[in-house]
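Asker: Contents of my_file-v6.pdb (PDB, C-alpha atoms and all ligand atoms) are below:
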ATOM      1  CA  MET A   1       3.006 -38.126  -8.876  1.00  0.00           C
ATOM      2  CA  THR A   2       5.333 -35.741  -7.063  1.00  0.00           C
ATOM      3  CA  ASP A   3       5.889 -35.103  -3.393  1.00  0.00           C
ATOM      4  CA  THR A   4       5.125 -31.395  -3.774  1.00  0.00           C
ATOM      5  CA  PRO A   5       1.784 -30.631  -2.169  1.00  0.00           C
ATOM      6  CA  ALA A   6      -0.680 -28.801  -4.381  1.00  0.00           C
ATOM      7  CA  PRO A   7      -0.930 -25.106  -3.437  1.00  0.00           C
ATOM      8  CA  ARG A   8      -3.850 -24.481  -1.117  1.00  0.00           C
ATOM      9  CA  THR A   9      -6.486 -22.517  -2.931  1.00  0.00           C
ATOM     10  CA  ASP A  10      -8.761 -22.102   0.082  1.00  0.00           C
ATOM     11  CA  VAL A  11      -6.379 -19.764   1.957  1.00  0.00           C
ATOM     12  CA  PRO A  12      -6.930 -16.121   0.931  1.00  0.00           C
ATOM     13  CA  LEU A  13      -3.812 -14.046   0.285  1.00  0.00           C
ATOM     14  CA  MET A  14      -4.895 -11.673   3.025  1.00  0.00           C
ATOM     15  CA  GLU A  15      -7.647 -11.974   5.580  1.00  0.00           C
ATOM     16  CA  MET A  16      -9.193 -10.044   8.468  1.00  0.00           C
ATOM     17  CA  GLN A  17     -11.202 -11.983  10.999  1.00  0.00           C
ATOM     18  CA  ASP A  18     -13.522 -10.400  13.537  1.00  0.00           C
ATOM     19  CA  VAL A  19     -11.363  -7.268  13.800  1.00  0.00           C
ATOM     20  CA  TYR A  20     -12.153  -4.471  16.295  1.00  0.00           C
ATOM     21  CA  VAL A  21     -10.282  -1.160  16.061  1.00  0.00           C
ATOM     22  CA  SER A  22     -10.630   2.176  17.838  1.00  0.00           C
ATOM     23  CA  TYR A  23      -8.619   5.400  17.700  1.00  0.00           C
ATOM     24  CA  HIS A  24      -9.530   6.626  21.186  1.00  0.00           C
ATOM     25  CA  GLY A  25     -10.744   4.706  24.195  1.00  0.00           C
ATOM     26  CA  ASP A  26     -13.837   2.626  23.727  1.00  0.00           C
ATOM     27  CA  ILE A  27     -15.203   4.304  20.572  1.00  0.00           C
ATOM     28  CA  SER A  28     -14.880   1.385  18.217  1.00  0.00           C
ATOM     29  CA  ILE A  29     -14.647   2.169  14.476  1.00  0.00           C
ATOM     30  CA  LEU A  30     -14.341  -1.365  13.113  1.00  0.00           C
ATOM     31  CA  ASN A  31     -16.705  -3.725  14.880  1.00  0.00           C
ATOM     32  CA  GLY A  32     -15.968  -7.310  13.993  1.00  0.00           C
ATOM     33  CA  LEU A  33     -14.828  -6.743  10.419  1.00  0.00           C
ATOM     34  CA  ASN A  34     -14.291  -9.799   8.218  1.00  0.00           C
ATOM     35  CA  LEU A  35     -12.507  -9.445   4.908  1.00  0.00           C
ATOM     36  CA  LYS A  36     -11.006 -11.909   2.456  1.00  0.00           C
ATOM     37  CA  ILE A  37      -8.586 -10.808  -0.244  1.00  0.00           C
ATOM     38  CA  PRO A  38      -8.004 -13.562  -2.817  1.00  0.00           C
ATOM     39  CA  GLU A  39      -4.819 -13.702  -4.861  1.00  0.00           C
ATOM     40  CA  GLY A  40      -4.815 -12.269  -8.388  1.00  0.00           C
ATOM     41  CA  LYS A  41      -8.067 -10.339  -8.019  1.00  0.00           C
ATOM     42  CA  ILE A  42      -9.131  -6.789  -7.360  1.00  0.00           C
ATOM     43  CA  THR A  43     -10.965  -6.463  -4.061  1.00  0.00           C
ATOM     44  CA  GLY A  44     -12.853  -3.272  -3.265  1.00  0.00           C
ATOM     45  CA  ILE A  45     -14.200  -1.802  -0.038  1.00  0.00           C
ATOM     46  CA  ILE A  46     -17.248   0.375  -0.617  1.00  0.00           C
ATOM     47  CA  GLY A  47     -19.012   2.578   1.921  1.00  0.00           C
ATOM     48  CA  PRO A  48     -20.158   6.131   2.704  1.00  0.00           C
ATOM     49  CA  ASN A  49     -17.904   8.854   4.160  1.00  0.00           C
ATOM     50  CA  GLY A  50     -16.786   7.937   7.639  1.00  0.00           C
ATOM     51  CA  ALA A  51     -17.769   4.279   7.294  1.00  0.00           C
ATOM     52  CA  GLY A  52     -14.254   3.116   8.149  1.00  0.00           C
ATOM     53  CA  LYS A  53     -12.722   2.218   4.763  1.00  0.00           C
ATOM     54  CA  SER A  54      -9.455   4.058   5.441  1.00  0.00           C
ATOM     55  CA  THR A  55      -9.406   2.709   8.989  1.00  0.00           C
ATOM     56  CA  ALA A  56      -9.643  -0.815   7.579  1.00  0.00           C
ATOM     57  CA  LEU A  57      -6.699  -0.184   5.224  1.00  0.00           C
ATOM     58  CA  LYS A  58      -4.605   1.453   7.966  1.00  0.00           C
ATOM     59  CA  THR A  59      -5.263  -1.610  10.106  1.00  0.00           C
ATOM     60  CA  LEU A  60      -4.388  -4.006   7.274  1.00  0.00           C
ATOM     61  CA  TYR A  61      -1.086  -2.139   6.955  1.00  0.00           C
ATOM     62  CA  GLY A  62      -0.238  -2.128  10.661  1.00  0.00           C
ATOM     63  CA  PHE A  63      -0.640   1.584  11.399  1.00  0.00           C
ATOM     64  CA  LEU A  64      -3.490   0.702  13.726  1.00  0.00           C
ATOM     65  CA  LYS A  65      -3.450  -2.348  15.960  1.00  0.00           C
ATOM     66  CA  PRO A  66      -6.647  -4.328  16.412  1.00  0.00           C
ATOM     67  CA  GLN A  67      -8.004  -4.567  19.961  1.00  0.00           C
ATOM     68  CA  ARG A  68      -9.438  -7.915  18.946  1.00  0.00           C
ATOM     69  CA  GLY A  69      -9.344 -10.183  15.943  1.00  0.00           C
ATOM     70  CA  GLU A  70      -6.743 -11.532  13.569  1.00  0.00           C
ATOM     71  CA  ILE A  71      -5.030 -10.457  10.369  1.00  0.00           C
ATOM     72  CA  ARG A  72      -3.349 -13.083   8.235  1.00  0.00           C
ATOM     73  CA  LEU A  73      -1.117 -13.038   5.182  1.00  0.00           C
ATOM     74  CA  ALA A  74      -1.205 -16.342   3.301  1.00  0.00           C
ATOM     75  CA  GLY A  75      -2.344 -17.963   6.529  1.00  0.00           C
ATOM     76  CA  GLU A  76       0.364 -16.415   8.773  1.00  0.00           C
ATOM     77  CA  ARG A  77      -0.693 -14.088  11.624  1.00  0.00           C
ATOM     78  CA  ILE A  78       0.656 -10.589  10.925  1.00  0.00           C
ATOM     79  CA  ASP A  79      -1.324  -8.357  13.294  1.00  0.00           C
ATOM     80  CA  GLY A  80       1.055  -6.726  15.734  1.00  0.00           C
ATOM     81  CA  LEU A  81       3.812  -6.280  13.136  1.00  0.00           C
ATOM     82  CA  GLU A  82       5.118  -2.795  12.321  1.00  0.00           C
ATOM     83  CA  PRO A  83       4.397  -1.187   8.921  1.00  0.00           C
ATOM     84  CA  TYR A  84       7.974  -1.678   7.661  1.00  0.00           C
ATOM     85  CA  GLN A  85       7.573  -5.411   8.315  1.00  0.00           C
ATOM     86  CA  PHE A  86       4.469  -5.363   6.128  1.00  0.00           C
ATOM     87  CA  ILE A  87       6.588  -3.858   3.337  1.00  0.00           C
ATOM     88  CA  GLU A  88       9.138  -6.639   3.791  1.00  0.00           C
ATOM     89  CA  ARG A  89       6.320  -9.147   3.323  1.00  0.00           C
ATOM     90  CA  GLY A  90       5.237  -7.594   0.033  1.00  0.00           C
ATOM     91  CA  ILE A  91       2.382  -5.337   1.062  1.00  0.00           C
ATOM     92  CA  ALA A  92       2.386  -1.823  -0.389  1.00  0.00           C
ATOM     93  CA  TYR A  93       0.021   0.979   0.568  1.00  0.00           C
ATOM     94  CA  VAL A  94      -0.933   4.318  -0.955  1.00  0.00           C
ATOM     95  CA  PRO A  95      -2.842   6.325   1.664  1.00  0.00           C
ATOM     96  CA  GLN A  96      -5.840   8.541   0.931  1.00  0.00           C
ATOM     97  CA  ASN A  97      -3.985  11.743   1.787  1.00  0.00           C
ATOM     98  CA  ARG A  98      -0.838  12.773  -0.053  1.00  0.00           C
ATOM     99  CA  SER A  99       2.189  11.011   1.326  1.00  0.00           C
ATOM    100  CA  LEU A 100       5.138  12.389  -0.664  1.00  0.00           C
ATOM    101  CA  PHE A 101       8.121  14.346   0.638  1.00  0.00           C
ATOM    102  CA  ASN A 102       7.313  17.554  -1.248  1.00  0.00           C
ATOM    103  CA  ASP A 103      10.767  19.101  -0.827  1.00  0.00           C
ATOM    104  CA  LEU A 104      12.605  16.058  -2.116  1.00  0.00           C
ATOM    105  CA  SER A 105      13.070  15.139  -5.764  1.00  0.00           C
ATOM    106  CA  VAL A 106      10.945  12.576  -7.560  1.00  0.00           C
ATOM    107  CA  GLU A 107      13.897  10.183  -7.564  1.00  0.00           C
ATOM    108  CA  ASP A 108      14.612  10.627  -3.854  1.00  0.00           C
ATOM    109  CA  ASN A 109      10.955   9.883  -3.110  1.00  0.00           C
ATOM    110  CA  LEU A 110      11.260   6.643  -5.086  1.00  0.00           C
ATOM    111  CA  ARG A 111      14.500   5.759  -3.308  1.00  0.00           C
ATOM    112  CA  LEU A 112      12.977   6.386   0.103  1.00  0.00           C
ATOM    113  CA  GLY A 113      10.074   4.127  -0.817  1.00  0.00           C
ATOM    114  CA  CYS A 114      12.646   1.370  -1.367  1.00  0.00           C
ATOM    115  CA  TRP A 115      14.360   2.007   1.983  1.00  0.00           C
ATOM    116  CA  VAL A 116      13.772  -1.532   3.270  1.00  0.00           C
ATOM    117  CA  PHE A 117      16.008  -2.958   0.557  1.00  0.00           C
ATOM    118  CA  ARG A 118      18.477  -0.049   0.372  1.00  0.00           C
ATOM    119  CA  LYS A 119      21.471  -2.394   0.719  1.00  0.00           C
ATOM    120  CA  ASP A 120      20.504  -4.312  -2.405  1.00  0.00           C
ATOM    121  CA  LYS A 121      21.852  -1.866  -5.001  1.00  0.00           C
ATOM    122  CA  ALA A 122      20.855  -4.008  -7.988  1.00  0.00           C
ATOM    123  CA  ARG A 123      17.273  -4.216  -6.770  1.00  0.00           C
ATOM    124  CA  MET A 124      17.190  -0.468  -6.106  1.00  0.00           C
ATOM    125  CA  ALA A 125      18.428   0.224  -9.661  1.00  0.00           C
ATOM    126  CA  ARG A 126      15.831  -2.181 -11.080  1.00  0.00           C
ATOM    127  CA  ALA A 127      13.073  -0.528  -9.049  1.00  0.00           C
ATOM    128  CA  LEU A 128      13.946   2.921 -10.420  1.00  0.00           C
ATOM    129  CA  GLU A 129      14.252   1.617 -13.956  1.00  0.00           C
ATOM    130  CA  ARG A 130      10.878  -0.076 -13.739  1.00  0.00           C
ATOM    131  CA  ALA A 131       9.189   3.002 -12.276  1.00  0.00           C
ATOM    132  CA  TYR A 132      10.567   5.162 -15.099  1.00  0.00           C
ATOM    133  CA  ALA A 133       9.548   2.631 -17.759  1.00  0.00           C
ATOM    134  CA  GLN A 134       6.014   2.457 -16.366  1.00  0.00           C
ATOM    135  CA  PHE A 135       5.682   6.195 -15.797  1.00  0.00           C
ATOM    136  CA  PRO A 136       7.813   8.097 -18.363  1.00  0.00           C
ATOM    137  CA  ILE A 137       6.653  11.450 -16.950  1.00  0.00           C
ATOM    138  CA  LEU A 138       8.494  10.618 -13.724  1.00  0.00           C
ATOM    139  CA  LYS A 139      11.700  10.063 -15.647  1.00  0.00           C
ATOM    140  CA  GLN A 140      11.346  13.482 -17.252  1.00  0.00           C
ATOM    141  CA  LYS A 141      10.783  15.039 -13.839  1.00  0.00           C
ATOM    142  CA  ARG A 142      13.115  12.900 -11.793  1.00  0.00           C
ATOM    143  CA  LYS A 143      15.134  15.878 -10.525  1.00  0.00           C
ATOM    144  CA  ASP A 144      12.095  18.081  -9.829  1.00  0.00           C
ATOM    145  CA  MET A 145      10.701  18.516  -6.344  1.00  0.00           C
ATOM    146  CA  ALA A 146       7.753  16.172  -5.851  1.00  0.00           C
ATOM    147  CA  GLY A 147       5.635  19.054  -4.539  1.00  0.00           C
ATOM    148  CA  SER A 148       6.086  21.002  -7.782  1.00  0.00           C
ATOM    149  CA  MET A 149       4.148  18.439  -9.832  1.00  0.00           C
ATOM    150  CA  SER A 150       0.407  18.409 -10.516  1.00  0.00           C
ATOM    151  CA  GLY A 151      -1.923  16.415  -8.267  1.00  0.00           C
ATOM    152  CA  GLY A 152      -2.263  13.671 -10.879  1.00  0.00           C
ATOM    153  CA  GLN A 153       1.499  13.387 -11.381  1.00  0.00           C
ATOM    154  CA  GLN A 154       1.983  13.169  -7.626  1.00  0.00           C
ATOM    155  CA  ARG A 155      -0.518  10.307  -7.529  1.00  0.00           C
ATOM    156  CA  PHE A 156       1.468   8.531 -10.244  1.00  0.00           C
ATOM    157  CA  LEU A 157       4.616   8.973  -8.165  1.00  0.00           C
ATOM    158  CA  GLU A 158       2.904   7.501  -5.105  1.00  0.00           C
ATOM    159  CA  LEU A 159       1.747   4.557  -7.193  1.00  0.00           C
ATOM    160  CA  ALA A 160       5.204   4.115  -8.763  1.00  0.00           C
ATOM    161  CA  ARG A 161       6.762   4.196  -5.297  1.00  0.00           C
ATOM    162  CA  ALA A 162       4.385   1.438  -4.140  1.00  0.00           C
ATOM    163  CA  LEU A 163       4.946  -0.719  -7.257  1.00  0.00           C
ATOM    164  CA  ALA A 164       8.731  -0.301  -6.970  1.00  0.00           C
ATOM    165  CA  LEU A 165       8.566  -2.649  -3.977  1.00  0.00           C
ATOM    166  CA  GLU A 166       7.421  -5.448  -6.319  1.00  0.00           C
ATOM    167  CA  PRO A 167       4.573  -6.111  -3.885  1.00  0.00           C
ATOM    168  CA  LYS A 168       2.184  -9.045  -3.698  1.00  0.00           C
ATOM    169  CA  ILE A 169      -0.596  -6.703  -2.640  1.00  0.00           C
ATOM    170  CA  VAL A 170      -1.107  -3.022  -3.381  1.00  0.00           C
ATOM    171  CA  MET A 171      -3.616  -1.247  -1.185  1.00  0.00           C
ATOM    172  CA  LEU A 172      -4.959   1.955  -2.706  1.00  0.00           C
ATOM    173  CA  ASP A 173      -7.126   4.323  -0.673  1.00  0.00           C
ATOM    174  CA  GLU A 174      -9.324   6.342  -3.053  1.00  0.00           C
ATOM    175  CA  PRO A 175      -6.569   6.522  -5.690  1.00  0.00           C
ATOM    176  CA  THR A 176      -8.496   8.773  -8.038  1.00  0.00           C
ATOM    177  CA  ALA A 177     -10.034  11.226  -5.554  1.00  0.00           C
ATOM    178  CA  MET A 178      -9.650  14.782  -6.853  1.00  0.00           C
ATOM    179  CA  ILE A 179      -8.019  13.614 -10.085  1.00  0.00           C
ATOM    180  CA  ALA A 180      -9.257  14.467 -13.595  1.00  0.00           C
ATOM    181  CA  PRO A 181     -11.311  11.645 -15.216  1.00  0.00           C
ATOM    182  CA  LYS A 182      -8.791  11.138 -18.030  1.00  0.00           C
ATOM    183  CA  LEU A 183      -5.908  10.701 -15.599  1.00  0.00           C
ATOM    184  CA  SER A 184      -8.082   8.450 -13.452  1.00  0.00           C
ATOM    185  CA  GLN A 185      -8.470   6.052 -16.370  1.00  0.00           C
ATOM    186  CA  GLU A 186      -4.699   6.014 -16.860  1.00  0.00           C
ATOM    187  CA  LEU A 187      -4.163   5.365 -13.194  1.00  0.00           C
ATOM    188  CA  TYR A 188      -6.489   2.370 -13.202  1.00  0.00           C
ATOM    189  CA  ALA A 189      -4.886   1.055 -16.380  1.00  0.00           C
TER     190      ALA A 189
HETATM  191  N1  LIG A 201      -7.152   9.815  13.386  1.00  0.00           N
HETATM  192  C1  LIG A 201      -8.407   9.662  13.823  1.00  0.00           C
HETATM  193  N2  LIG A 201      -8.730   9.879  15.120  1.00  0.00           N
HETATM  194  C2  LIG A 201      -9.998   9.696  15.552  1.00  0.00           C
HETATM  195  N3  LIG A 201     -11.027   9.322  14.791  1.00  0.00           N
HETATM  196  C3  LIG A 201     -10.765   9.110  13.490  1.00  0.00           C
HETATM  197  C4  LIG A 201      -9.455   9.257  12.933  1.00  0.00           C
HETATM  198  N4  LIG A 201      -9.503   8.978  11.609  1.00  0.00           N
HETATM  199  C5  LIG A 201     -10.785   8.644  11.342  1.00  0.00           C
HETATM  200  N5  LIG A 201     -11.545   8.739  12.468  1.00  0.00           N
HETATM  201  C6  LIG A 201     -12.979   8.430  12.555  1.00  0.00           C
HETATM  202  O1  LIG A 201     -13.190   7.074  12.188  1.00  0.00           O
HETATM  203  C7  LIG A 201     -14.371   6.925  11.407  1.00  0.00           C
HETATM  204  C8  LIG A 201     -14.039   6.250  10.094  1.00  0.00           C
HETATM  205  O2  LIG A 201     -13.173   7.103   9.336  1.00  0.00           O
HETATM  206  P1  LIG A 201     -12.463   6.631   7.999  1.00  0.00           P
HETATM  207  O3  LIG A 201     -11.508   7.697   7.615  1.00  0.00           O
HETATM  208  O4  LIG A 201     -11.926   5.251   8.187  1.00  0.00           O
HETATM  209  O5  LIG A 201     -13.694   6.559   7.020  1.00  0.00           O
HETATM  210  P2  LIG A 201     -13.727   6.385   5.420  1.00  0.00           P
HETATM  211  O6  LIG A 201     -14.748   5.314   5.141  1.00  0.00           O
HETATM  212  O7  LIG A 201     -12.370   6.184   4.894  1.00  0.00           O
HETATM  213  O8  LIG A 201     -14.311   7.800   4.972  1.00  0.00           O
HETATM  214  P3  LIG A 201     -14.034   8.683   3.627  1.00  0.00           P
HETATM  215  O9  LIG A 201     -14.932   8.137   2.564  1.00  0.00           O
HETATM  216  O10 LIG A 201     -14.417  10.059   4.043  1.00  0.00           O
HETATM  217  O11 LIG A 201     -12.566   8.568   3.284  1.00  0.00           O
HETATM  218  C9  LIG A 201     -14.956   8.338  11.250  1.00  0.00           C
HETATM  219  O12 LIG A 201     -15.956   8.485  12.231  1.00  0.00           O
HETATM  220  C10 LIG A 201     -13.778   9.240  11.540  1.00  0.00           C
HETATM  221  O13 LIG A 201     -14.193  10.455  12.114  1.00  0.00           O
HETATM  222 MG    MG A 202     -11.183   7.199   3.638  1.00  0.00          MG
END
Rewrite the structure from the file as structure tokens, please.

Answerer:
Amino acid sequence: MTDTPAPRTDVPLMEMQDVYVSYHGDISILNGLNLKIPEGKITGIIGPNGAGKSTALKTLYGFLKPQRGEIRLAGERIDGLEPYQFIERGIAYVPQNRSLFNDLSVEDNLRLGCWVFRKDKARMARALERAYAQFPILKQKRKDMAGSMSGGQQRFLELARALALEPKIVMLDEPTAMIAPKLSQELYA
């Protein structure tokens, strides 16, 4: 017997409860959305164009604030926090639309992604090293402008930038949209 309590398995890693979100006035896009994201699993949101999938992810990441409802991370309320505070808590997000700084180099894009821990030089170095080990093409192109790469390579950079944060959760919004099937397989791998 030890005094350490067994980890609770009934608390999802992330959870949305009865969430209402609108962009303008009273036109509600999410109407009482409930979502449970268990640890160590892949959770998908499926729906037709305009259903609100991206809105749900933007809300989970703090870009949109719910009018009603709760968002929890490992049981702790996190709705109302700013996006950078989500990053600090280990949540990474790759939006549906391209999100790179086209006129900055691949490496500067990676560094900017790690802005929240910029003072921790060892961690920054490890993040870059890991990104280059996982995505050798980015190492080759580290001095190139991000905008000069192909669409697929840019997606890899966005993914590398998210993974560099060593997140607990990675939220991907249509990661393989407009990407060749072969590259899509690589991306999922
Ligand atoms: N910035 C915005 N301002 C106002 N309305 C918006 C905005 N973004 C999305 N909407 C509206 O919210 C609804 C849901 O859009 P959302 O982008 O979340 O859908 P989606 O399921 O991600 O669609 P898709 O499959 O096309 O990516 C749509 O009616 C859309 O027009
Ligand atoms: Mg979308």

Asker: Could you tell me, as number ranges by chain, which residues have any atom at most 12 Å from (6.7, 16.2, -8.3), counting all atoms listed in the file?

Answerer: A: 98-110, 137-158

Asker: Output C-alpha atoms of each residue in that selection to a file, as a PDB file, in the coordinates of the input.

Answerer:
ATOM      1  CA  ARG A  98      -0.838  12.773  -0.053  1.00  0.00           C
ATOM      2  CA  SER A  99       2.189  11.011   1.326  1.00  0.00           C
ATOM      3  CA  LEU A 100       5.138  12.389  -0.664  1.00  0.00           C
ATOM      4  CA  PHE A 101       8.121  14.346   0.638  1.00  0.00           C
ATOM      5  CA  ASN A 102       7.313  17.554  -1.248  1.00  0.00           C
ATOM      6  CA  ASP A 103      10.767  19.101  -0.827  1.00  0.00           C
ATOM      7  CA  LEU A 104      12.605  16.058  -2.116  1.00  0.00           C
ATOM      8  CA  SER A 105      13.070  15.139  -5.764  1.00  0.00           C
ATOM      9  CA  VAL A 106      10.945  12.576  -7.560  1.00  0.00           C
ATOM     10  CA  GLU A 107      13.897  10.183  -7.564  1.00  0.00           C
ATOM     11  CA  ASP A 108      14.612  10.627  -3.854  1.00  0.00           C
ATOM     12  CA  ASN A 109      10.955   9.883  -3.110  1.00  0.00           C
ATOM     13  CA  LEU A 110      11.260   6.643  -5.086  1.00  0.00           C
ATOM     14  CA  ILE A 137       6.653  11.450 -16.950  1.00  0.00           C
ATOM     15  CA  LEU A 138       8.494  10.618 -13.724  1.00  0.00           C
ATOM     16  CA  LYS A 139      11.700  10.063 -15.647  1.00  0.00           C
ATOM     17  CA  GLN A 140      11.346  13.482 -17.252  1.00  0.00           C
ATOM     18  CA  LYS A 141      10.783  15.039 -13.839  1.00  0.00           C
ATOM     19  CA  ARG A 142      13.115  12.900 -11.793  1.00  0.00           C
ATOM     20  CA  LYS A 143      15.134  15.878 -10.525  1.00  0.00           C
ATOM     21  CA  ASP A 144      12.095  18.081  -9.829  1.00  0.00           C
ATOM     22  CA  MET A 145      10.701  18.516  -6.344  1.00  0.00           C
ATOM     23  CA  ALA A 146       7.753  16.172  -5.851  1.00  0.00           C
ATOM     24  CA  GLY A 147       5.635  19.054  -4.539  1.00  0.00           C
ATOM     25  CA  SER A 148       6.086  21.002  -7.782  1.00  0.00           C
ATOM     26  CA  MET A 149       4.148  18.439  -9.832  1.00  0.00           C
ATOM     27  CA  SER A 150       0.407  18.409 -10.516  1.00  0.00           C
ATOM     28  CA  GLY A 151      -1.923  16.415  -8.267  1.00  0.00           C
ATOM     29  CA  GLY A 152      -2.263  13.671 -10.879  1.00  0.00           C
ATOM     30  CA  GLN A 153       1.499  13.387 -11.381  1.00  0.00           C
ATOM     31  CA  GLN A 154       1.983  13.169  -7.626  1.00  0.00           C
ATOM     32  CA  ARG A 155      -0.518  10.307  -7.529  1.00  0.00           C
ATOM     33  CA  PHE A 156       1.468   8.531 -10.244  1.00  0.00           C
ATOM     34  CA  LEU A 157       4.616   8.973  -8.165  1.00  0.00           C
ATOM     35  CA  GLU A 158       2.904   7.501  -5.105  1.00  0.00           C
TER      36      GLU A 158
END

Asker: Go through the chains and note each residue within 9 Å of ligand LIG 201 (chain A), using all atoms listed in the file, then give the set as a PDB file with C-alpha atoms, keeping the file's coordinate frame.

Answerer:
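Written out: pocket.pdb:
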ATOM      1  CA  SER A  22     -10.630   2.176  17.838  1.00  0.00           C
ATOM      2  CA  TYR A  23      -8.619   5.400  17.700  1.00  0.00           C
ATOM      3  CA  HIS A  24      -9.530   6.626  21.186  1.00  0.00           C
ATOM      4  CA  ILE A  27     -15.203   4.304  20.572  1.00  0.00           C
ATOM      5  CA  SER A  28     -14.880   1.385  18.217  1.00  0.00           C
ATOM      6  CA  ILE A  29     -14.647   2.169  14.476  1.00  0.00           C
ATOM      7  CA  LEU A  30     -14.341  -1.365  13.113  1.00  0.00           C
ATOM      8  CA  ILE A  45     -14.200  -1.802  -0.038  1.00  0.00           C
ATOM      9  CA  ILE A  46     -17.248   0.375  -0.617  1.00  0.00           C
ATOM     10  CA  GLY A  47     -19.012   2.578   1.921  1.00  0.00           C
ATOM     11  CA  PRO A  48     -20.158   6.131   2.704  1.00  0.00           C
ATOM     12  CA  ASN A  49     -17.904   8.854   4.160  1.00  0.00           C
ATOM     13  CA  GLY A  50     -16.786   7.937   7.639  1.00  0.00           C
ATOM     14  CA  ALA A  51     -17.769   4.279   7.294  1.00  0.00           C
ATOM     15  CA  GLY A  52     -14.254   3.116   8.149  1.00  0.00           C
ATOM     16  CA  LYS A  53     -12.722   2.218   4.763  1.00  0.00           C
ATOM     17  CA  SER A  54      -9.455   4.058   5.441  1.00  0.00           C
ATOM     18  CA  THR A  55      -9.406   2.709   8.989  1.00  0.00           C
ATOM     19  CA  ALA A  56      -9.643  -0.815   7.579  1.00  0.00           C
ATOM     20  CA  LEU A  57      -6.699  -0.184   5.224  1.00  0.00           C
ATOM     21  CA  LYS A  58      -4.605   1.453   7.966  1.00  0.00           C
ATOM     22  CA  GLN A  96      -5.840   8.541   0.931  1.00  0.00           C
ATOM     23  CA  ASP A 173      -7.126   4.323  -0.673  1.00  0.00           C
ATOM     24  CA  GLU A 174      -9.324   6.342  -3.053  1.00  0.00           C
TER      25      GLU A 174
END

Asker: Using all atoms listed in the file, which of the listed residues (A:Leu159, A:Ile42, A:Leu81, A:Ala74) sits closest to A:Gly113?

Answerer: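 Distance minimum relative to A:Gly113 lands on A:Leu159.
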
Asker: Of the candidates A:Val94, A:Val170, A:Ala122, A:Ala189, which shows the shortest atom-to-atom distance to ligand MG 202 (chain A), using only C-alpha atoms and all ligand atoms?

Answerer: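 The shortest atom-to-atom distance to ligand MG 202 (chain A) comes from A:Val94.
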
Asker: Find the spatial neighbours of A:Asp79, counting only C-alpha atoms, within a cut-off of 12 Å - ignore same-chain residues fewer than 6 positions away - and output them as a list in words.

Answerer: Met14, Glu15, Met16, Gln17, Val19, Tyr20, Val21, Lys58, Thr59, Leu60, Tyr61, Gly62, Phe63, Leu64, Lys65, Pro66, Gln67, Arg68, Gly69, Glu70, Ile71, Arg72, Leu73, Gln85 and Phe86 of chain A

Asker: So how many Å separate atom CA of A:Asn31 and atom CA of A:Pro95, to one decimal?

Answerer: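 These two atoms are separated by 21.6 Å.
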
Asker: Please identify all polymer residues lying at most 6 Å from the point (1.2, -1.8, -2.5) (file coordinates), using only C-alpha atoms, and present the result as an mmCIF file with C-alpha atoms, keeping the file's coordinate frame.

Answerer:
data_model
loop_
_atom_site.group_PDB
_atom_site.id
_atom_site.type_symbol
_atom_site.label_atom_id
_atom_site.label_comp_id
_atom_site.auth_asym_id
_atom_site.auth_seq_id
_atom_site.Cartn_x
_atom_site.Cartn_y
_atom_site.Cartn_z
ATOM 1 C CA ILE A 91 2.382 -5.337 1.062
ATOM 2 C CA ALA A 92 2.386 -1.823 -0.389
ATOM 3 C CA TYR A 93 0.021 0.979 0.568
ATOM 4 C CA ALA A 162 4.385 1.438 -4.140
ATOM 5 C CA PRO A 167 4.573 -6.111 -3.885
ATOM 6 C CA ILE A 169 -0.596 -6.703 -2.640
ATOM 7 C CA VAL A 170 -1.107 -3.022 -3.381
ATOM 8 C CA MET A 171 -3.616 -1.247 -1.185
#

Asker: Name the residues in contact with A:Trp115 at a cut-off of 10 Å, using only C-alpha atoms, excluding same-chain residues fewer than 4 positions from it; report them as a list in words.

Answerer: Tyr84, Ile87, Asn109, Leu110, Arg111, Lys119, Asp120, Met124 and Leu165 of chain A

Asker: Could you tell me which of A:Glu186, A:Asp10, A:Asp18, A:Glu39 comes closest to A:Lys168 if we count all atoms listed in the file?

Answerer: A:Glu39

Asker: Between A:Pro136, A:Ala125, A:Leu163, A:Asn97, which one has atoms that come closest to ligand MG 202 (chain A), using only C-alpha atoms and all ligand atoms?

Answerer: A:Asn97
